[in-house]
>>> print(open('input_23.txt').read())   # compact mmCIF, C-alpha atoms
# COMPACT_ATOMS: atom_id res chain seq x y z
CA MET I 29 -74.01 102.27 -199.37
CA ASP I 30 -71.92 99.91 -197.27
CA ASP I 31 -72.94 96.35 -196.50
CA THR I 32 -74.17 97.30 -193.01
CA GLU I 33 -76.82 99.58 -194.47
CA ALA I 34 -77.61 97.29 -197.42
CA PHE I 35 -78.38 94.21 -195.32
CA PRO I 36 -79.83 95.29 -191.94
CA GLY I 37 -80.34 92.48 -189.47
CA LEU I 38 -77.87 90.16 -191.17
CA SER I 39 -74.89 88.92 -189.16
CA ASN I 40 -71.46 90.25 -189.99
CA PRO I 41 -70.19 86.85 -191.19
CA ALA I 42 -73.17 86.57 -193.53
CA LYS I 43 -72.58 90.11 -194.82
CA ARG I 44 -68.94 89.28 -195.48
CA ALA I 45 -69.95 86.09 -197.26
CA LEU I 46 -72.25 88.02 -199.60
CA ALA I 47 -69.68 90.76 -200.21
CA GLY I 48 -67.02 88.13 -200.89
CA VAL I 49 -68.94 86.88 -203.92
CA GLY I 50 -69.96 90.33 -205.08
CA TYR I 51 -73.44 90.82 -203.61
CA THR I 52 -73.48 94.37 -202.27
CA GLU I 53 -77.18 95.23 -202.44
CA PRO I 54 -80.43 93.30 -201.97
CA ALA I 55 -81.63 93.69 -205.57
CA GLN I 56 -78.69 91.57 -206.73
CA LEU I 57 -80.13 88.61 -204.81
CA ASP I 58 -83.49 88.60 -206.60
CA GLY I 59 -83.89 85.10 -208.02
CA VAL I 60 -80.66 83.72 -206.53
CA ALA I 61 -81.23 80.23 -205.14
CA ALA I 62 -81.21 80.01 -201.35
CA SER I 63 -79.27 76.74 -201.67
CA GLU I 64 -76.49 78.64 -203.47
CA LEU I 65 -76.28 81.18 -200.67
CA LEU I 66 -76.26 78.47 -198.01
CA ARG I 67 -73.04 77.12 -199.51
CA LEU I 68 -71.26 80.36 -198.57
CA HIS I 69 -69.12 80.23 -195.44
CA GLY I 70 -70.89 82.42 -192.87
CA MET I 71 -74.40 82.08 -194.28
CA GLY I 72 -76.89 79.90 -192.44
CA PRO I 73 -80.64 79.31 -192.16
CA LYS I 74 -81.16 82.44 -190.05
CA GLY I 75 -79.36 84.54 -192.64
CA ILE I 76 -81.59 83.13 -195.37
CA ARG I 77 -84.68 83.97 -193.30
CA VAL I 78 -83.46 87.54 -192.78
CA LEU I 79 -82.71 87.88 -196.50
CA ARG I 80 -86.14 86.55 -197.47
CA GLU I 81 -87.80 89.14 -195.21
CA LEU I 82 -85.56 91.94 -196.47
CA LEU I 83 -86.21 91.08 -200.11
CA ALA I 84 -89.96 90.69 -199.54
CA GLU I 85 -90.08 94.26 -198.17
CA ARG I 86 -88.68 95.36 -201.54
CA GLY I 87 -90.95 93.20 -203.68
CA LEU I 88 -88.10 90.77 -204.44
CA SER I 89 -87.44 87.15 -203.52
CA LEU I 90 -84.82 84.45 -203.45
CA GLY I 91 -85.08 81.65 -205.94
CA ASP I 92 -85.88 78.11 -204.81
>>> encode(input="input_23.txt", output="structure tokens")
Amino acid sequence: MDDTEAFPGLSNPAKRALAGVGYTEPAQLDGVAASELLRLHGMGPKGIRVLRELLAERGLSLGD
């Protein structure tokens, strides 16, 4: 699965930011602090919102 399929709705810069630190699938983000992800170049508030929705669909969530 490439990052386009793994993170639908997420911008390309945000996908690259996640891939750059080794996050290649949503399950890896379960429990990861949103504040940690916001420190990544290319990740912003909209990306966090998209990730929260994506994880919620899978019964997962970001940490706070």
>>> residues_around(input="input_23.txt", residues="Arg86 in chain I", least_positions_apart="2", cutoff="10 Å", atoms="only C-alpha atoms", output="list in words")
Pro54, Ala55, Asp58, Glu81, Leu82, Leu83, Ala84, Leu88 and Ser89 of chain I
>>> closest_residue(input="input_23.txt", among="I:Asn40, I:Ile76, I:Ala34, I:Gly87", to="Ala62 in chain I", atoms="only C-alpha atoms")
I:Ile76
>>> closest_residue(input="input_23.txt", among="I:Leu79, I:Val60, I:Leu65, I:Met71", to="Pro41 in chain I", atoms="all atoms listed in the file")
I:Met71
>>> residues_around(input="input_23.txt", residues="Gly75 in chain I", least_positions_apart="3", cutoff="9 Å", atoms="only C-alpha atoms", output="list in words")
Gly37, Leu38, Ser39, Ala42, Leu66, Gly70, Met71, Gly72, Val78, Leu79 and Arg80 of chain I
>>> atom_distance(input="input_23.txt", atom1="CA of Phe35 in chain I", atom2="CA of Pro73 in chain I")
15.4 Å
>>> atom_distance(input="input_23.txt", atom1="CA of Gln56 in chain I", atom2="CA of Leu68 in chain I")
15.7 Å
>>> atom_distance(input="input_23.txt", atom1="CA of Glu33 in chain I", atom2="CA of Ser63 in chain I")
24.1 Å
>>> axis_aligned_box(input="input_23.txt", around="range 43-58 of chain I", padding_each_side="4 Å", output="AutoDock Vina command-line options")
--center_x -75.3 --center_y 90.7 --center_z -200.8 --size_x 24.5 --size_y 17.1 --size_z 19.9
>>> decode(input="input_23.txt", residues="range 71-82 of chain I", atoms="N, CA and C atoms", output="PDB file, in the first residue's frame")
ATOM      1  N   MET I  71       2.937  19.267   7.954  1.00  0.00           N
ATOM      2  CA  MET I  71       1.725  18.857   8.688  1.00  0.00           C
ATOM      3  C   MET I  71       1.145  20.085   9.389  1.00  0.00           C
ATOM      4  N   GLY I  72      -0.140  20.300   9.202  1.00  0.00           N
ATOM      5  CA  GLY I  72      -0.796  21.433   9.840  1.00  0.00           C
ATOM      6  C   GLY I  72      -2.100  21.012  10.484  1.00  0.00           C
ATOM      7  N   PRO I  73      -2.858  21.986  10.996  1.00  0.00           N
ATOM      8  CA  PRO I  73      -4.128  21.683  11.666  1.00  0.00           C
ATOM      9  C   PRO I  73      -5.114  20.902  10.794  1.00  0.00           C
ATOM     10  N   LYS I  74      -5.177  21.234   9.505  1.00  0.00           N
ATOM     11  CA  LYS I  74      -6.092  20.500   8.623  1.00  0.00           C
ATOM     12  C   LYS I  74      -5.664  19.036   8.515  1.00  0.00           C
ATOM     13  N   GLY I  75      -4.371  18.802   8.400  1.00  0.00           N
ATOM     14  CA  GLY I  75      -3.866  17.439   8.330  1.00  0.00           C
ATOM     15  C   GLY I  75      -4.203  16.647   9.582  1.00  0.00           C
ATOM     16  N   ILE I  76      -4.110  17.297  10.729  1.00  0.00           N
ATOM     17  CA  ILE I  76      -4.450  16.630  11.989  1.00  0.00           C
ATOM     18  C   ILE I  76      -5.941  16.281  12.001  1.00  0.00           C
ATOM     19  N   ARG I  77      -6.770  17.199  11.526  1.00  0.00           N
ATOM     20  CA  ARG I  77      -8.214  16.943  11.467  1.00  0.00           C
ATOM     21  C   ARG I  77      -8.516  15.743  10.560  1.00  0.00           C
ATOM     22  N   VAL I  78      -7.876  15.709   9.395  1.00  0.00           N
ATOM     23  CA  VAL I  78      -8.071  14.596   8.462  1.00  0.00           C
ATOM     24  C   VAL I  78      -7.611  13.287   9.107  1.00  0.00           C
ATOM     25  N   LEU I  79      -6.469  13.317   9.786  1.00  0.00           N
ATOM     26  CA  LEU I  79      -5.967  12.108  10.437  1.00  0.00           C
ATOM     27  C   LEU I  79      -6.897  11.643  11.545  1.00  0.00           C
ATOM     28  N   ARG I  80      -7.418  12.585  12.329  1.00  0.00           N
ATOM     29  CA  ARG I  80      -8.351  12.205  13.399  1.00  0.00           C
ATOM     30  C   ARG I  80      -9.573  11.482  12.825  1.00  0.00           C
ATOM     31  N   GLU I  81     -10.108  12.015  11.726  1.00  0.00           N
ATOM     32  CA  GLU I  81     -11.279  11.404  11.087  1.00  0.00           C
ATOM     33  C   GLU I  81     -10.934  10.029  10.520  1.00  0.00           C
ATOM     34  N   LEU I  82      -9.788   9.933   9.868  1.00  0.00           N
ATOM     35  CA  LEU I  82      -9.350   8.672   9.278  1.00  0.00           C
ATOM     36  C   LEU I  82      -9.153   7.604  10.356  1.00  0.00           C
TER      37      LEU I  82
END
